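**Student:** Would you mind keeping the following structure in view while I ask a few things?
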Amino acid sequence: MPDGANHVAFAYSKDGRDRFMTVYPNLNLLDGTDFKNFTPKTDKYLTIVKKDGGVNNKPYISASYSNPEPNSYADILSFKLEKERLEPSTTYTFSFYVRGRGTVKTYIHPSLIDTSSKSFADGKPIQPNQDGGYTWTLTDEWVRHTYTFTSKSSITEDQYVLFRLPTGSSVDICLPKLEKGSTATPWMPSFSEVKAENYPSYIGTYTDNKSNEQSTDPEKYTWKKIE
């Protein structure tokens, strides 16, 4: 038994309660995920607006699609990934919060995913499509979904992360993020957008003899300002 296991957490308030996290957040590979400069597309049957007060009080996109044509859909959000910013044979995790009615489909396309490797949707192994297409069932409450995959050994073109809404569905989307690794860390802006206040401002620590267990109770930690 070790003499002591040191546990570390991070937060945005001195009591540790504001956005408590046990992993330090990675930067986002997607630009514009705070939707500050969001310009909605126009479509006869599509209603799409930016709203305030989403997860962690962040802005979110609210969309509904009502085309009477069966099996029709609208592409409501798209993020470009320049090929130079991506690494071959590397694990990435895409995460986002959604709520709504019906379904929404996400893609990482056209050719980033190595289909010979397993992908994981909300931690469950799946056989991925080359375009990363995956359908998510929506509920009334905010749910964070994750999609983890391995990139191809050669990346020859720019890639895109896409949200697609089928007719008859409505969706709210908040805090999308793509990052390296198999863990979805808390949302952050991209390298070109991040500011000092986006980083956690407090670090919490405590010691016990349970090296494989870490408390998620902020009161267990001693907090101090990160200088």
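Chains: A, B, ... in order of the structure tokens. Residues: from 1 per chain. Ligands: from 1, in order shown.
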Tell me which protein, DNA and RNA residues are within 12 Å of Val49 in chain A, counting only C-alpha atoms, leaving out same-chain ones fewer than 2 positions away, and put them as number ranges by chain.

**Tutor:** A: 35, 38-42, 46-47, 51-52, 59-64, 76-77, 170-173

**Student:** Report as a list in words all protein, DNA and RNA residues lying within 12 Å of range 217-225 of chain A, evaluated on only C-alpha atoms, omitting residues in the same chain fewer than 5 positions from it.

**Tutor:**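 Once the nearby chain positions are removed, what remains is Asn6, His7, Val8, Ala9, Phe10, Ala11, Tyr12, Ser13, Lys14, Asp15, Gly16, Arg17, Asp18, Arg19, Phe20, Met21, Thr22, Tyr199, Pro200, Ser201, Tyr202, Ile203, Gly204, Thr205, Tyr206, Thr207 and Asp208 of chain A.
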
**Student:** Output N, CA and C atoms of each residue in that selection to a file, as a JSON list (two decimals), in the first residue's frame.

**Tutor:**
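Here's the written file result.json:
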```json
[["chain", "number", "residue", "atom", "x", "y", "z"],
["A", 6, "ASN", "N", -1.68, 11.16, -4.44],
["A", 6, "ASN", "CA", -2.02, 12.57, -4.59],
["A", 6, "ASN", "C", -3.04, 12.74, -5.71],
["A", 7, "HIS", "N", -4.16, 13.38, -5.41],
["A", 7, "HIS", "CA", -5.23, 13.60, -6.38],
["A", 7, "HIS", "C", -5.32, 15.08, -6.71],
["A", 8, "VAL", "N", -5.56, 15.36, -7.99],
["A", 8, "VAL", "CA", -5.58, 16.75, -8.47],
["A", 8, "VAL", "C", -6.86, 16.98, -9.27],
["A", 9, "ALA", "N", -7.45, 18.13, -9.10],
["A", 9, "ALA", "CA", -8.62, 18.53, -9.88],
["A", 9, "ALA", "C", -8.50, 20.02, -10.23],
["A", 10, "PHE", "N", -9.40, 20.48, -11.09],
["A", 10, "PHE", "CA", -9.35, 21.86, -11.55],
["A", 10, "PHE", "C", -10.77, 22.43, -11.56],
["A", 11, "ALA", "N", -10.87, 23.74, -11.45],
["A", 11, "ALA", "CA", -12.18, 24.39, -11.45],
["A", 11, "ALA", "C", -12.00, 25.87, -11.76],
["A", 12, "TYR", "N", -13.16, 26.56, -11.87],
["A", 12, "TYR", "CA", -13.16, 27.98, -12.20],
["A", 12, "TYR", "C", -13.57, 28.85, -11.01],
["A", 13, "SER", "N", -13.72, 28.24, -9.83],
["A", 13, "SER", "CA", -14.07, 29.00, -8.64],
["A", 13, "SER", "C", -13.28, 28.47, -7.45],
["A", 14, "LYS", "N", -13.10, 29.30, -6.42],
["A", 14, "LYS", "CA", -12.24, 28.92, -5.30],
["A", 14, "LYS", "C", -12.84, 27.84, -4.41],
["A", 15, "ASP", "N", -14.14, 27.55, -4.59],
["A", 15, "ASP", "CA", -14.74, 26.43, -3.86],
["A", 15, "ASP", "C", -14.77, 25.15, -4.70],
["A", 16, "GLY", "N", -14.28, 25.24, -5.95],
["A", 16, "GLY", "CA", -14.19, 24.07, -6.81],
["A", 16, "GLY", "C", -15.48, 23.65, -7.46],
["A", 17, "ARG", "N", -16.56, 24.39, -7.28],
["A", 17, "ARG", "CA", -17.86, 23.95, -7.76],
["A", 17, "ARG", "C", -18.17, 24.38, -9.20],
["A", 18, "ASP", "N", -17.52, 25.43, -9.66],
["A", 18, "ASP", "CA", -17.77, 25.91, -11.02],
["A", 18, "ASP", "C", -16.94, 25.10, -12.01],
["A", 19, "ARG", "N", -17.62, 24.22, -12.76],
["A", 19, "ARG", "CA", -16.98, 23.38, -13.80],
["A", 19, "ARG", "C", -15.84, 22.53, -13.22],
["A", 20, "PHE", "N", -16.13, 21.87, -12.12],
["A", 20, "PHE", "CA", -15.17, 20.93, -11.52],
["A", 20, "PHE", "C", -14.74, 19.89, -12.55],
["A", 21, "MET", "N", -13.45, 19.57, -12.61],
["A", 21, "MET", "CA", -12.94, 18.58, -13.56],
["A", 21, "MET", "C", -11.72, 17.90, -12.98],
["A", 22, "THR", "N", -11.57, 16.63, -13.30],
["A", 22, "THR", "CA", -10.41, 15.87, -12.82],
["A", 22, "THR", "C", -9.35, 15.72, -13.92],
["A", 199, "TYR", "N", -9.07, 29.21, -19.32],
["A", 199, "TYR", "CA", -8.42, 28.11, -18.60],
["A", 199, "TYR", "C", -8.94, 28.04, -17.16],
["A", 200, "PRO", "N", -8.98, 26.83, -16.58],
["A", 200, "PRO", "CA", -9.35, 26.72, -15.17],
["A", 200, "PRO", "C", -8.45, 27.60, -14.31],
["A", 201, "SER", "N", -9.03, 28.29, -13.34],
["A", 201, "SER", "CA", -8.26, 29.25, -12.55],
["A", 201, "SER", "C", -7.89, 28.74, -11.16],
["A", 202, "TYR", "N", -8.40, 27.56, -10.77],
["A", 202, "TYR", "CA", -8.09, 27.01, -9.45],
["A", 202, "TYR", "C", -7.69, 25.55, -9.58],
["A", 203, "ILE", "N", -6.75, 25.14, -8.72],
["A", 203, "ILE", "CA", -6.33, 23.75, -8.65],
["A", 203, "ILE", "C", -6.63, 23.21, -7.26],
["A", 204, "GLY", "N", -7.17, 22.00, -7.21],
["A", 204, "GLY", "CA", -7.51, 21.39, -5.93],
["A", 204, "GLY", "C", -6.72, 20.11, -5.72],
["A", 205, "THR", "N", -6.33, 19.82, -4.49],
["A", 205, "THR", "CA", -5.55, 18.62, -4.19],
["A", 205, "THR", "C", -6.02, 17.99, -2.88],
["A", 206, "TYR", "N", -5.85, 16.67, -2.80],
["A", 206, "TYR", "CA", -5.96, 15.96, -1.53],
["A", 206, "TYR", "C", -5.18, 14.66, -1.66],
["A", 207, "THR", "N", -4.88, 14.04, -0.54],
["A", 207, "THR", "CA", -4.08, 12.82, -0.52],
["A", 207, "THR", "C", -4.80, 11.74, 0.29],
["A", 208, "ASP", "N", -4.80, 10.52, -0.25],
["A", 208, "ASP", "CA", -5.29, 9.36, 0.50],
["A", 208, "ASP", "C", -4.49, 8.14, 0.04]]
```

**Student:** Could you write out, as a ChimeraX atom specification, all the residues of range 127-164 of chain A that DSSP marks as strand (DSSP E)?

**Tutor:** /A:134-137,143-150,159-164

**Student:** Counting only C-alpha atoms, which residue out of A:Leu178, A:Ser116, A:Phe191, A:His109 sits closest to Ser153 in chain A?

**Tutor:**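 Ranked by minimum distance to Ser153 in chain A, first place goes to A:Ser116.
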
**Student:** Quick one, how far is CA of Asn56 in chain A from CA of Ile108 in chain A?

**Tutor:**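 Atom-to-atom, CA of Asn56 in chain A to CA of Ile108 in chain A, that is 25.5 Å.
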
**Student:** Hey, what's within 8 Å of Ser211 in chain A if we count only C-alpha atoms and toss same-chain stuff fewer than 2 positions away? As an mmCIF file with N, CA and C atoms, in the first residue's frame, please?

**Tutor:**
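The resulting out_1.cif:
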```cif
data_model
loop_
_atom_site.group_PDB
_atom_site.id
_atom_site.type_symbol
_atom_site.label_atom_id
_atom_site.label_comp_id
_atom_site.auth_asym_id
_atom_site.auth_seq_id
_atom_site.Cartn_x
_atom_site.Cartn_y
_atom_site.Cartn_z
ATOM 1 N N GLY A 4 0.777 7.363 0.172
ATOM 2 C CA GLY A 4 -0.261 8.333 -0.162
ATOM 3 C C GLY A 4 -0.399 8.503 -1.657
ATOM 4 N N ALA A 5 -1.645 8.655 -2.117
ATOM 5 C CA ALA A 5 -1.923 8.942 -3.520
ATOM 6 C C ALA A 5 -2.368 10.391 -3.611
ATOM 7 N N ASN A 6 -1.684 11.156 -4.438
ATOM 8 C CA ASN A 6 -2.015 12.568 -4.595
ATOM 9 C C ASN A 6 -3.035 12.739 -5.707
ATOM 10 N N ASP A 208 -4.803 10.518 -0.246
ATOM 11 C CA ASP A 208 -5.288 9.356 0.503
ATOM 12 C C ASP A 208 -4.489 8.143 0.037
ATOM 13 N N ASN A 209 -4.949 6.946 0.342
ATOM 14 C CA ASN A 209 -4.233 5.747 -0.087
ATOM 15 C C ASN A 209 -4.979 4.980 -1.170
ATOM 16 N N GLU A 213 -8.881 5.485 -7.192
ATOM 17 C CA GLU A 213 -10.160 6.164 -7.000
ATOM 18 C C GLU A 213 -9.904 7.643 -6.751
ATOM 19 N N GLN A 214 -10.738 8.475 -7.355
ATOM 20 C CA GLN A 214 -10.618 9.913 -7.126
ATOM 21 C C GLN A 214 -11.991 10.503 -6.866
#
```
